[in-house]
Every structure is written in structure tokens, then in C-alpha cells.
file target.txt (compact mmCIF, C-alpha atoms and all ligand atoms)
# COMPACT_ATOMS: atom_id res chain seq x y z
CA MET A 1303 0.00 0.00 0.00
CA THR A 1304 1.30 3.45 -0.88
CA LEU A 1305 -0.04 6.88 0.01
CA SER A 1306 -1.64 7.03 -3.45
CA ASP A 1307 -4.03 4.26 -2.29
CA TYR A 1308 -5.62 6.77 0.10
CA ALA A 1309 -7.69 9.94 -0.17
CA ILE A 1310 -8.24 12.51 2.58
CA ARG A 1311 -11.84 13.75 2.51
CA LEU A 1312 -14.61 14.93 4.82
CA MET A 1313 -16.56 12.40 6.89
CA GLN A 1314 -19.93 11.26 5.52
CA PRO A 1315 -22.79 9.42 7.29
CA ALA A 1316 -21.91 6.22 5.41
CA ASP A 1317 -18.58 6.19 7.33
CA PHE A 1318 -20.05 6.12 10.84
CA VAL A 1319 -20.21 2.36 11.42
CA ALA A 1320 -16.67 1.73 10.10
CA ILE A 1321 -15.29 4.58 12.25
CA GLY A 1322 -16.90 3.13 15.38
CA GLU A 1323 -15.25 -0.22 14.57
CA ILE A 1324 -11.77 1.38 14.23
CA CYS A 1325 -12.34 3.23 17.50
CA ARG A 1326 -13.15 -0.05 19.26
CA ILE A 1327 -9.83 -1.51 18.03
CA VAL A 1328 -7.54 1.45 18.81
CA TYR A 1329 -9.12 2.36 22.18
CA PRO A 1330 -10.08 -1.03 23.67
CA THR A 1331 -10.74 0.47 27.14
CA GLU A 1332 -13.02 3.27 25.85
CA THR A 1333 -16.63 3.20 24.68
CA PRO A 1334 -16.43 3.59 20.88
CA TYR A 1335 -18.13 6.46 19.09
CA THR A 1336 -21.73 5.65 18.22
CA PRO A 1337 -23.28 6.64 14.86
CA GLU A 1338 -25.41 9.15 16.82
CA GLU A 1339 -22.32 10.86 18.31
CA LEU A 1340 -20.62 11.00 14.91
CA ALA A 1341 -23.81 12.45 13.42
CA GLU A 1342 -23.66 15.18 16.09
CA HIS A 1343 -20.05 16.05 15.14
CA HIS A 1344 -21.03 16.05 11.48
CA ALA A 1345 -24.01 18.33 12.14
CA VAL A 1346 -22.01 20.77 14.30
CA PHE A 1347 -18.90 21.24 12.12
CA PRO A 1348 -18.90 19.07 8.96
CA GLN A 1349 -15.83 20.76 7.46
CA GLY A 1350 -13.75 19.82 10.54
CA GLN A 1351 -14.31 16.04 10.43
CA PHE A 1352 -11.70 14.39 8.20
CA VAL A 1353 -11.29 10.78 7.16
CA ALA A 1354 -8.57 8.90 5.30
CA GLU A 1355 -10.26 6.54 2.85
CA HIS A 1356 -8.54 3.43 1.55
CA VAL A 1357 -9.60 4.00 -2.04
CA PRO A 1358 -9.39 0.40 -3.39
CA SER A 1359 -11.80 -0.84 -0.69
CA GLY A 1360 -13.75 2.41 -0.30
CA VAL A 1361 -13.67 2.31 3.52
CA PRO A 1362 -12.40 4.89 6.01
CA VAL A 1363 -9.27 3.73 7.85
CA GLY A 1364 -8.35 6.88 9.78
CA VAL A 1365 -9.92 10.04 11.17
CA HIS A 1366 -9.09 13.46 12.53
CA PHE A 1367 -11.97 15.16 14.36
CA THR A 1368 -11.82 18.89 15.17
CA LEU A 1369 -13.91 21.76 16.51
CA ARG A 1370 -13.32 25.47 16.97
CA LEU A 1371 -12.91 26.68 20.55
CA ARG A 1372 -12.53 30.02 22.29
CA LEU A 1373 -9.70 28.68 24.42
CA ILE A 1374 -9.81 31.53 26.93
CA ASP A 1375 -13.02 29.89 28.24
CA TYR A 1376 -11.02 26.81 29.34
CA HIS A 1377 -8.05 25.82 31.49
CA ILE A 1378 -4.88 24.34 30.07
CA ASP A 1379 -5.43 21.09 32.00
CA ASP A 1380 -9.12 20.62 31.19
CA SER A 1381 -10.10 17.08 30.25
CA TRP A 1382 -11.27 15.79 26.88
CA ASP A 1383 -14.82 15.61 28.29
CA VAL A 1384 -14.78 19.31 29.17
CA LEU A 1385 -13.15 20.47 25.94
CA THR A 1386 -15.58 18.54 23.75
CA ALA A 1387 -18.74 19.13 25.85
CA ARG A 1388 -18.80 15.43 26.82
CA GLY A 1389 -18.03 14.35 23.28
CA THR A 1390 -20.91 16.22 21.68
CA PHE A 1391 -18.84 19.09 20.16
CA ALA A 1392 -21.74 21.36 21.21
CA ASP A 1393 -19.16 23.92 22.41
CA HIS A 1394 -17.91 24.43 18.83
CA ASP A 1395 -17.80 28.21 18.34
CA PRO A 1396 -17.72 29.10 14.63
CA VAL A 1397 -17.55 32.82 15.34
CA HIS A 1398 -15.16 33.36 18.27
CA GLY A 1399 -13.34 30.02 18.21
CA LYS A 1400 -9.90 30.96 16.87
CA THR A 1401 -8.32 27.67 17.96
CA LEU A 1402 -8.91 24.47 16.00
CA TYR A 1403 -9.04 21.84 18.71
CA GLY A 1404 -7.97 18.36 17.63
CA ALA A 1405 -10.38 16.14 19.55
CA ASP A 1406 -9.15 12.87 18.08
CA VAL A 1407 -6.88 11.31 15.49
CA PHE A 1408 -6.61 7.60 14.95
CA VAL A 1409 -5.70 5.16 12.20
CA ARG A 1410 -6.68 1.49 11.86
CA PRO A 1411 -3.64 -0.55 12.99
CA ASP A 1412 -3.23 -2.36 9.64
CA HIS A 1413 -2.98 1.04 7.91
CA GLN A 1414 -0.64 2.74 10.42
CA HIS A 1415 2.89 3.81 9.43
CA HIS A 1416 1.80 4.92 5.96
CA GLY A 1417 1.80 8.64 6.74
CA LEU A 1418 -1.99 8.85 7.21
CA ALA A 1419 -1.90 10.69 10.55
CA HIS A 1420 0.51 13.11 8.91
CA ALA A 1421 -1.76 13.59 5.88
CA LEU A 1422 -4.83 14.04 8.12
CA THR A 1423 -2.95 16.62 10.19
CA ASP A 1424 -1.93 18.47 7.02
CA ALA A 1425 -5.65 18.67 6.14
CA THR A 1426 -6.49 20.19 9.53
CA ARG A 1427 -3.56 22.60 9.13
CA ARG A 1428 -4.99 23.74 5.79
CA LEU A 1429 -8.33 24.36 7.53
CA VAL A 1430 -6.57 26.56 10.12
CA ILE A 1431 -4.92 28.53 7.33
CA ASP A 1432 -8.08 28.80 5.19
CA GLU A 1433 -10.22 29.98 8.14
CA GLU A 1434 -7.40 32.29 9.35
CA LEU A 1435 -7.37 30.69 12.81
CA TRP A 1436 -4.59 31.22 15.33
CA ARG A 1437 -3.51 27.64 15.89
CA MET A 1438 -4.30 23.98 16.31
CA VAL A 1439 -4.25 22.60 19.84
CA GLY A 1440 -4.61 19.03 21.03
CA ALA A 1441 -3.49 16.67 23.73
CA SER A 1442 -1.25 13.76 22.81
CA ARG A 1443 -1.60 10.47 24.62
CA LEU A 1444 1.68 9.11 26.00
CA PRO A 1445 1.23 5.34 25.66
CA GLY A 1446 4.92 4.69 26.31
CA TYR A 1447 4.85 6.46 29.66
CA GLY A 1448 2.83 4.00 31.79
CA SER A 1449 5.58 1.38 31.80
CA VAL A 1450 8.21 3.85 33.11
CA ALA A 1451 5.99 6.11 35.25
CA ALA A 1452 7.28 4.62 38.50
CA ASN A 1453 10.79 5.90 37.76
CA VAL A 1454 10.40 8.94 35.50
CA THR A 1455 8.25 12.06 35.92
CA ALA A 1456 5.91 13.01 33.08
CA ASP A 1457 7.93 16.22 32.58
CA GLU A 1458 11.15 14.23 32.15
CA TYR A 1459 9.46 11.71 29.85
CA VAL A 1460 8.00 14.39 27.58
CA SER A 1461 11.30 16.32 27.49
CA ASP A 1462 13.10 13.11 26.51
CA VAL A 1463 10.62 12.43 23.68
CA VAL A 1464 10.88 16.01 22.42
CA ALA A 1465 14.69 15.79 22.47
CA GLY A 1466 14.62 12.42 20.66
CA ARG A 1467 16.15 10.53 23.62
CA ARG A 1468 13.01 8.37 23.88
CA THR A 1469 10.35 7.33 21.39
CA ASP A 1470 6.66 7.36 22.27
CA PRO A 1471 4.26 5.61 19.86
CA VAL A 1472 1.98 8.66 19.70
CA LEU A 1473 3.88 11.78 20.83
CA SER A 1474 6.87 11.02 18.57
CA ALA A 1475 4.55 10.86 15.55
CA HIS A 1476 2.98 14.21 16.53
CA MET A 1477 6.44 15.78 16.90
CA LYS A 1478 7.32 14.67 13.35
CA ASP A 1479 4.03 16.21 12.17
CA GLY A 1480 5.12 19.69 13.27
CA TRP A 1481 3.36 20.01 16.63
CA SER A 1482 5.22 21.39 19.65
CA VAL A 1483 4.63 20.54 23.31
CA VAL A 1484 3.05 23.09 25.65
CA ARG A 1485 3.14 20.94 28.81
CA PRO A 1486 2.14 17.57 30.23
CA ILE A 1487 -1.22 17.37 32.03
CA HIS A 1488 -2.82 14.68 34.20
CA GLY A 1489 -6.37 13.31 33.85
CA TYR A 1490 -7.06 14.35 30.24
CA LEU A 1491 -8.70 11.01 29.43
CA GLN A 1492 -10.74 9.04 31.97
CA HIS A 1493 -9.14 5.64 31.30
CA ASP A 1494 -5.68 5.67 29.76
CA PRO A 1495 -3.54 3.33 31.86
CA GLU A 1496 -0.96 2.98 29.04
CA SER A 1497 -0.27 6.73 29.48
CA ALA A 1498 -0.61 6.54 33.30
CA ASN A 1499 -3.47 9.00 32.64
CA TRP A 1500 -1.01 11.64 31.45
CA ALA A 1501 -1.08 13.51 28.13
CA ALA A 1502 0.91 16.34 26.57
CA VAL A 1503 -0.87 19.49 25.41
CA ILE A 1504 0.47 20.18 21.92
CA GLN A 1505 0.00 23.03 19.46
CA TRP A 1506 0.81 24.25 15.98
CA VAL A 1507 0.68 28.03 15.61
CA ASN A 1508 -0.41 29.52 12.27
CA PRO A 1509 2.52 31.74 11.23
CA ALA A 1510 0.16 33.87 9.09
CA SER A 1511 -2.22 34.77 11.95
CA PRO A 1512 -0.79 33.87 15.38
CA PRO A 1513 -2.68 34.67 18.58
CA PRO A 1514 -2.02 37.98 20.32
CA PRO A 1515 0.97 37.48 22.65
CA GLU A 1516 -1.15 37.63 25.81
CA LEU A 1517 -3.22 34.65 24.57
CA ALA A 1518 -0.25 32.49 23.53
CA LEU A 1519 -0.11 29.09 25.24
CA ARG A 1520 2.95 28.43 27.33
C1 LIG A 1601 -0.86 7.94 16.58
C2 LIG A 1601 -1.45 7.42 15.29
C3 LIG A 1601 -2.68 8.22 14.92
C4 LIG A 1601 -0.38 7.59 14.17
O1 LIG A 1601 -0.98 7.17 12.93
P1 LIG A 1601 -0.10 6.76 11.64
O2 LIG A 1601 -0.98 6.92 10.44
O3 LIG A 1601 0.56 5.48 11.84
O4 LIG A 1601 0.97 7.94 11.64
P2 LIG A 1601 2.02 8.24 10.48
O5 LIG A 1601 2.10 7.08 9.53
O6 LIG A 1601 1.73 9.58 9.92
O7 LIG A 1601 3.34 8.32 11.33
C5 LIG A 1601 3.67 7.23 12.19
C6 LIG A 1601 5.06 6.75 11.90
O8 LIG A 1601 5.12 6.14 10.62
C7 LIG A 1601 6.22 6.70 9.90
N1 LIG A 1601 5.85 6.67 8.48
C8 LIG A 1601 5.15 7.58 7.79
N2 LIG A 1601 5.02 7.21 6.51
C9 LIG A 1601 5.65 6.02 6.40
C10 LIG A 1601 5.84 5.12 5.35
N3 LIG A 1601 5.39 5.36 4.11
N4 LIG A 1601 6.50 3.97 5.61
C11 LIG A 1601 6.96 3.69 6.84
N5 LIG A 1601 6.81 4.53 7.90
C12 LIG A 1601 6.17 5.66 7.66
C13 LIG A 1601 6.34 8.09 10.44
O9 LIG A 1601 7.62 8.65 10.24
C14 LIG A 1601 6.07 7.86 11.89
O10 LIG A 1601 7.24 7.37 12.53
P3 LIG A 1601 7.39 7.43 14.13
O11 LIG A 1601 6.28 6.59 14.73
O12 LIG A 1601 8.74 6.84 14.34
O13 LIG A 1601 7.27 8.88 14.50
C15 LIG A 1601 -1.76 5.91 15.39
O14 LIG A 1601 -0.65 5.25 15.94
C16 LIG A 1601 -2.99 5.59 16.22
O15 LIG A 1601 -4.10 5.59 15.71
N6 LIG A 1601 -2.79 5.28 17.49
C17 LIG A 1601 -3.92 4.84 18.38
C18 LIG A 1601 -4.87 5.97 18.69
C19 LIG A 1601 -4.19 7.13 19.37
O16 LIG A 1601 -3.57 6.98 20.40
N7 LIG A 1601 -4.31 8.32 18.76
C20 LIG A 1601 -3.66 9.51 19.27
C21 LIG A 1601 -4.57 10.27 20.16
S1 LIG A 1601 -3.69 11.64 20.86

call {"tool": "encode", "arguments": {"input": "target.txt", "output": "C-alpha cells", "more": "lines below"}}
Ligand SMILES: CC(C)(COP(=O)(O)OP(=O)(O)OC[C@H]1O[C@@H](n2cnc3c(N)ncnc32)[C@H](O)[C@@H]1OP(=O)(O)O)[C@@H](O)C(=O)NCCC(=O)NCCS
result
Amino acid sequence: MTLSDYAIRLMQPADFVAIGEICRIVYPTETPYTPEELAEHHAVFPQGQFVAEHVPSGVPVGVHFTLRLRLIDYHIDDSWDVLTARGTFADHDPVHGKTLYGADVFVRPDHQHHGLAHALTDATRRLVIDEELWRMVGASRLPGYGSVAANVTADEYVSDVVAGRRTDPVLSAHMKDGWSVVRPIHGYLQHDPESANWAAVIQWVNPASPPPPELALR
């Protein structure tokens, strides 16, 4: 399979069942998205819900879900539930939301390591540029951290990944995709034992329209 076997496009209702199935595989400890939840995301912000389609089979094999947030209304260590209005995306703010919040990105395991997360992130980056937003923000899971958490602080772990001294299955991929780390936070997801319930807030700032300095994340 090469990248030419795939197309990045917007999510459609016909994708909902297949996306729920991928979610069940990549997040075995989480309740997978239901078609009703995906329909809510689609209704709220259709142009922010991307899929990678495997063209020969016509099925979605990866997703990147986003919404626009007015980040000043939140705290840097707010959980996924808070930032997504309990997964509904009802807090999407198409007028004042100058931050594209990356609520989720995942790729079916048999299609990982083909550059699909990278291609999906490039699509969200284009949306930020087209809509003249300030930045993309997300929180990266740290699935390599749980096994070393007894001996290494989350700060040390994240610094090591950023410096290339360690590799994390998720954060390292995000670093290669052009994100930078703001800081590690605890309790972002409810059940993420692989990450010892830690995550790293990450961002990509739009060089053409960055936030005013007083609203920069640091
Ligand atoms: C994190 C995740 C989305 C990455 O998806 P992916 O499509 O495999 O990502 P990419 O292919 O763009 O990049 C992954 C790696 O493949 C490499 N790669 C990219 N294209 C490649 C190719 N053609 N051949 C071989 N390797 C390639 C990248 O350099 C990258 O290397 P790294 O892991 O050493 O950094 C995926 O692992 C996943 O779904 N994980 C489970 C869900 C999850 O935790 N999501 C993150 C929530 S924050």
C-alpha cells in the first residue's frame, strides 16, 4: 500500500459504522463512538471532520476530528470531556473560536505507518490557514509512559521524547508532524492506563495569523 491508495476527505454518514469499529480496536478500554455521536459532530462542524479513505476498498481507515474553541473559556489542564462538551462538540464556536481543537486522530492498525496521521494533520492545518485561525491545539496520549511512570516524571518523559532521547508511539509521531509541546497534564482522558493518565498538550501556531501574545499558550 502506498499513500496514493488513500484519499483525505470529509466524513460522511456512510462512514459512521466503520469509524466506530476502528475506534473499538484502537481504544479497547473506551466506549467507541456511536453513529449518533458521529452524526452530532457532522451536524455541528462538517468541514472539521476528516477521514482517510482506503480508495481500493472504499472504507475509512483513519480520522481526525476537530472543533473550533474560544480557548480563553477553558483551562490548560481541562479534560477531553470538558473540551468537547462530553463528546458532543456542542461547544464548537464558529464565530469566536480561533483555535482548532484536535479532539481525536486515529488510524486502523493495519494502515498505520503509511503517513496517514501526517496527511490528516496536514488537512487540519490547511483548515486553520483557510479559516485564518490562530492555531491547532490538542493533547497527545503518552502510551509509552505508563511502563516507566514509577521511575520517570511526566515532565522528564515528555522532554526526553521532544529531544529524541526516547520514542513514544503517539507523541513522537505528533512531533514529526510539526506540533510542539506546551506541557504535560494529568487526567485528560478518563481511562488511559498505558499513558498513566497523562497527556501532553500540543499546538501548531499559524505563522500567518498567530494569537495575540497575551493569549499564547505556554
Ligand atoms: C498515533 C497514530 C494516529 C499515528 O498514525 P499513523 O498513520 O501510523 O501515523 P504516520 O504514519 O503519519 O506516522 C507514524 C510513523 O510512521 C512513519 N511513516 C510515515 N510514513 C511512512 C511510510 N510510508 N513507511 C513507513 N513509515 C512511515 C512516520 O515517520 C512515523 O514514525 P514514528 O512513529 O517513528 O514517528 C496511530 O498510531 C494511532 O491511531 N494510534 C492509536 C490511537 C491514538 O492513540 N491516537 C492519538 C490520540 S492523541

call {"tool": "closest_residue", "arguments": {"input": "target.txt", "among": "A:Glu1434, A:Asp1462, A:Asp1457, A:Asp1375", "to": "Val1507 (chain A)", "atoms": "only C-alpha atoms"}}
result
A:Glu1434

call {"tool": "atom_distance", "arguments": {"input": "target.txt", "atom1": "CA of Ala1419 (chain A)", "atom2": "CA of Arg1443 (chain A)"}}
result
14.1 Å

call {"tool": "atom_distance", "arguments": {"input": "target.txt", "atom1": "CA of Glu1496 (chain A)", "atom2": "atom O14 of ligand LIG 1601 (chain A)"}}
result
13.3 Å

call {"tool": "residues_around", "arguments": {"input": "target.txt", "residues": "region 1319-1324 of chain A", "least_positions_apart": "2", "cutoff": "12 Å", "atoms": "only C-alpha atoms", "output": "PyMOL selection string"}}
result
chain A and resi 1313-1317+1326-1330+1332-1341+1351-1356+1360-1367+1406-1414

call {"tool": "closest_residue", "arguments": {"input": "target.txt", "among": "A:Leu1371, A:Val1450, A:Leu1385, A:Ala1405", "to": "ligand LIG 1601 (chain A)", "atoms": "all atoms listed in the file"}}
result
A:Ala1405

call {"tool": "closest_residue", "arguments": {"input": "target.txt", "among": "A:Ile1310, A:Arg1485, A:Pro1513, A:Asp1383", "to": "Gly1399 (chain A)", "atoms": "only C-alpha atoms"}}
result
A:Pro1513

call {"tool": "closest_residue", "arguments": {"input": "target.txt", "among": "A:Arg1428, A:His1420, A:Arg1311, A:His1476", "to": "ligand LIG 1601 (chain A)", "atoms": "all atoms listed in the file"}}
result
A:His1420

call {"tool": "closest_residue", "arguments": {"input": "target.txt", "among": "A:Arg1437, A:His1344, A:Arg1468, A:Lys1400", "to": "ligand LIG 1601 (chain A)", "atoms": "only C-alpha atoms and all ligand atoms"}}
result
A:Arg1468

call {"tool": "atom_distance", "arguments": {"input": "target.txt", "atom1": "CA of Val1357 (chain A)", "atom2": "CA of Asp1307 (chain A)"}}
result
5.6 Å

call {"tool": "closest_residue", "arguments": {"input": "target.txt", "among": "A:Leu1418, A:Ile1378, A:Leu1369, A:Val1454", "to": "Ala1498 (chain A)", "atoms": "all atoms listed in the file"}}
result
A:Val1454

call {"tool": "residues_around", "arguments": {"input": "target.txt", "residues": "Val1460 (chain A)", "least_positions_apart": "2", "cutoff": "9 Å", "atoms": "all atoms listed in the file", "output": "PyMOL selection string"}}
result
chain A and resi 1444+1447+1455-1458+1462-1465+1468+1470+1473+1483+1485-1486+1502

call {"tool": "residues_near_point", "arguments": {"input": "target.txt", "point": "(-2.5, 22.2, 15.5)", "cutoff": "9 Å", "atoms": "all atoms listed in the file", "output": "ChimeraX atom specification"}}
result
/A:1401-1404,1423,1426-1427,1430,1437-1440,1480-1482,1504-1508

call {"tool": "build_atoms", "arguments": {"input": "target.txt", "residues": "region 1398-1431 of chain A", "atoms": "N, CA and C atoms", "output": "PDB file, in the frame of the given file"}}
result
ATOM      1  N   HIS A1398     -16.264  32.900  17.408  1.00  0.00           N
ATOM      2  CA  HIS A1398     -15.160  33.360  18.270  1.00  0.00           C
ATOM      3  C   HIS A1398     -14.087  32.294  18.473  1.00  0.00           C
ATOM      4  N   GLY A1399     -14.308  31.097  17.986  1.00  0.00           N
ATOM      5  CA  GLY A1399     -13.340  30.020  18.210  1.00  0.00           C
ATOM      6  C   GLY A1399     -12.165  30.158  17.245  1.00  0.00           C
ATOM      7  N   LYS A1400     -11.077  30.731  17.731  1.00  0.00           N
ATOM      8  CA  LYS A1400      -9.900  30.960  16.870  1.00  0.00           C
ATOM      9  C   LYS A1400      -8.873  29.831  16.992  1.00  0.00           C
ATOM     10  N   THR A1401      -9.202  28.828  17.806  1.00  0.00           N
ATOM     11  CA  THR A1401      -8.320  27.670  17.960  1.00  0.00           C
ATOM     12  C   THR A1401      -9.029  26.444  17.383  1.00  0.00           C
ATOM     13  N   LEU A1402      -8.356  25.735  16.476  1.00  0.00           N
ATOM     14  CA  LEU A1402      -8.910  24.470  16.000  1.00  0.00           C
ATOM     15  C   LEU A1402      -8.439  23.397  16.970  1.00  0.00           C
ATOM     16  N   TYR A1403      -9.374  22.815  17.697  1.00  0.00           N
ATOM     17  CA  TYR A1403      -9.040  21.840  18.710  1.00  0.00           C
ATOM     18  C   TYR A1403      -9.114  20.435  18.102  1.00  0.00           C
ATOM     19  N   GLY A1404      -8.015  19.713  18.162  1.00  0.00           N
ATOM     20  CA  GLY A1404      -7.970  18.360  17.630  1.00  0.00           C
ATOM     21  C   GLY A1404      -8.498  17.384  18.669  1.00  0.00           C
ATOM     22  N   ALA A1405      -9.767  16.994  18.525  1.00  0.00           N
ATOM     23  CA  ALA A1405     -10.380  16.140  19.550  1.00  0.00           C
ATOM     24  C   ALA A1405      -9.925  14.700  19.430  1.00  0.00           C
ATOM     25  N   ASP A1406      -9.581  14.260  18.221  1.00  0.00           N
ATOM     26  CA  ASP A1406      -9.150  12.870  18.080  1.00  0.00           C
ATOM     27  C   ASP A1406      -8.463  12.670  16.740  1.00  0.00           C
ATOM     28  N   VAL A1407      -7.480  11.799  16.737  1.00  0.00           N
ATOM     29  CA  VAL A1407      -6.880  11.310  15.490  1.00  0.00           C
ATOM     30  C   VAL A1407      -6.545   9.849  15.726  1.00  0.00           C
ATOM     31  N   PHE A1408      -7.011   9.001  14.846  1.00  0.00           N
ATOM     32  CA  PHE A1408      -6.610   7.600  14.950  1.00  0.00           C
ATOM     33  C   PHE A1408      -6.672   6.928  13.583  1.00  0.00           C
ATOM     34  N   VAL A1409      -5.854   5.871  13.470  1.00  0.00           N
ATOM     35  CA  VAL A1409      -5.700   5.160  12.200  1.00  0.00           C
ATOM     36  C   VAL A1409      -5.804   3.663  12.498  1.00  0.00           C
ATOM     37  N   ARG A1410      -6.527   2.938  11.651  1.00  0.00           N
ATOM     38  CA  ARG A1410      -6.680   1.490  11.860  1.00  0.00           C
ATOM     39  C   ARG A1410      -5.300   0.847  11.861  1.00  0.00           C
ATOM     40  N   PRO A1411      -5.014  -0.037  12.837  1.00  0.00           N
ATOM     41  CA  PRO A1411      -3.640  -0.550  12.990  1.00  0.00           C
ATOM     42  C   PRO A1411      -3.036  -1.107  11.695  1.00  0.00           C
ATOM     43  N   ASP A1412      -3.822  -1.790  10.868  1.00  0.00           N
ATOM     44  CA  ASP A1412      -3.230  -2.360   9.640  1.00  0.00           C
ATOM     45  C   ASP A1412      -2.974  -1.307   8.568  1.00  0.00           C
ATOM     46  N   HIS A1413      -3.280  -0.044   8.850  1.00  0.00           N
ATOM     47  CA  HIS A1413      -2.980   1.040   7.910  1.00  0.00           C
ATOM     48  C   HIS A1413      -2.068   2.095   8.560  1.00  0.00           C
ATOM     49  N   GLN A1414      -1.568   1.795   9.764  1.00  0.00           N
ATOM     50  CA  GLN A1414      -0.640   2.740  10.420  1.00  0.00           C
ATOM     51  C   GLN A1414       0.733   2.669   9.736  1.00  0.00           C
ATOM     52  N   HIS A1415       1.534   3.712   9.987  1.00  0.00           N
ATOM     53  CA  HIS A1415       2.890   3.810   9.430  1.00  0.00           C
ATOM     54  C   HIS A1415       2.882   3.949   7.908  1.00  0.00           C
ATOM     55  N   HIS A1416       1.833   4.584   7.385  1.00  0.00           N
ATOM     56  CA  HIS A1416       1.800   4.920   5.960  1.00  0.00           C
ATOM     57  C   HIS A1416       1.720   6.429   5.762  1.00  0.00           C
ATOM     58  N   GLY A1417       1.864   7.179   6.851  1.00  0.00           N
ATOM     59  CA  GLY A1417       1.800   8.640   6.740  1.00  0.00           C
ATOM     60  C   GLY A1417       0.381   9.187   6.792  1.00  0.00           C
ATOM     61  N   LEU A1418      -0.605   8.358   7.225  1.00  0.00           N
ATOM     62  CA  LEU A1418      -1.990   8.850   7.210  1.00  0.00           C
ATOM     63  C   LEU A1418      -2.256   9.882   8.301  1.00  0.00           C
ATOM     64  N   ALA A1419      -1.715   9.670   9.507  1.00  0.00           N
ATOM     65  CA  ALA A1419      -1.900  10.690  10.550  1.00  0.00           C
ATOM     66  C   ALA A1419      -1.285  12.009  10.086  1.00  0.00           C
ATOM     67  N   HIS A1420      -0.147  11.908   9.436  1.00  0.00           N
ATOM     68  CA  HIS A1420       0.510  13.110   8.910  1.00  0.00           C
ATOM     69  C   HIS A1420      -0.380  13.787   7.863  1.00  0.00           C
ATOM     70  N   ALA A1421      -0.916  13.008   6.936  1.00  0.00           N
ATOM     71  CA  ALA A1421      -1.760  13.590   5.880  1.00  0.00           C
ATOM     72  C   ALA A1421      -3.039  14.184   6.470  1.00  0.00           C
ATOM     73  N   LEU A1422      -3.611  13.507   7.465  1.00  0.00           N
ATOM     74  CA  LEU A1422      -4.830  14.040   8.120  1.00  0.00           C
ATOM     75  C   LEU A1422      -4.507  15.343   8.846  1.00  0.00           C
ATOM     76  N   THR A1423      -3.328  15.398   9.468  1.00  0.00           N
ATOM     77  CA  THR A1423      -2.950  16.620  10.190  1.00  0.00           C
ATOM     78  C   THR A1423      -2.670  17.756   9.205  1.00  0.00           C
ATOM     79  N   ASP A1424      -2.113  17.421   8.043  1.00  0.00           N
ATOM     80  CA  ASP A1424      -1.930  18.470   7.020  1.00  0.00           C
ATOM     81  C   ASP A1424      -3.280  19.038   6.592  1.00  0.00           C
ATOM     82  N   ALA A1425      -4.312  18.180   6.537  1.00  0.00           N
ATOM     83  CA  ALA A1425      -5.650  18.670   6.140  1.00  0.00           C
ATOM     84  C   ALA A1425      -6.200  19.621   7.207  1.00  0.00           C
ATOM     85  N   THR A1426      -5.988  19.293   8.483  1.00  0.00           N
ATOM     86  CA  THR A1426      -6.490  20.190   9.530  1.00  0.00           C
ATOM     87  C   THR A1426      -5.689  21.499   9.522  1.00  0.00           C
ATOM     88  N   ARG A1427      -4.396  21.387   9.209  1.00  0.00           N
ATOM     89  CA  ARG A1427      -3.560  22.600   9.130  1.00  0.00           C
ATOM     90  C   ARG A1427      -4.062  23.526   8.015  1.00  0.00           C
ATOM     91  N   ARG A1428      -4.454  22.926   6.891  1.00  0.00           N
ATOM     92  CA  ARG A1428      -4.990  23.740   5.790  1.00  0.00           C
ATOM     93  C   ARG A1428      -6.278  24.437   6.223  1.00  0.00           C
ATOM     94  N   LEU A1429      -7.088  23.749   7.038  1.00  0.00           N
ATOM     95  CA  LEU A1429      -8.330  24.360   7.530  1.00  0.00           C
ATOM     96  C   LEU A1429      -8.004  25.580   8.406  1.00  0.00           C
ATOM     97  N   VAL A1430      -6.993  25.437   9.262  1.00  0.00           N
ATOM     98  CA  VAL A1430      -6.570  26.560  10.120  1.00  0.00           C
ATOM     99  C   VAL A1430      -6.157  27.747   9.246  1.00  0.00           C
ATOM    100  N   ILE A1431      -5.403  27.456   8.202  1.00  0.00           N
ATOM    101  CA  ILE A1431      -4.920  28.530   7.330  1.00  0.00           C
ATOM    102  C   ILE A1431      -6.087  29.143   6.560  1.00  0.00           C
TER     103      ILE A1431
END
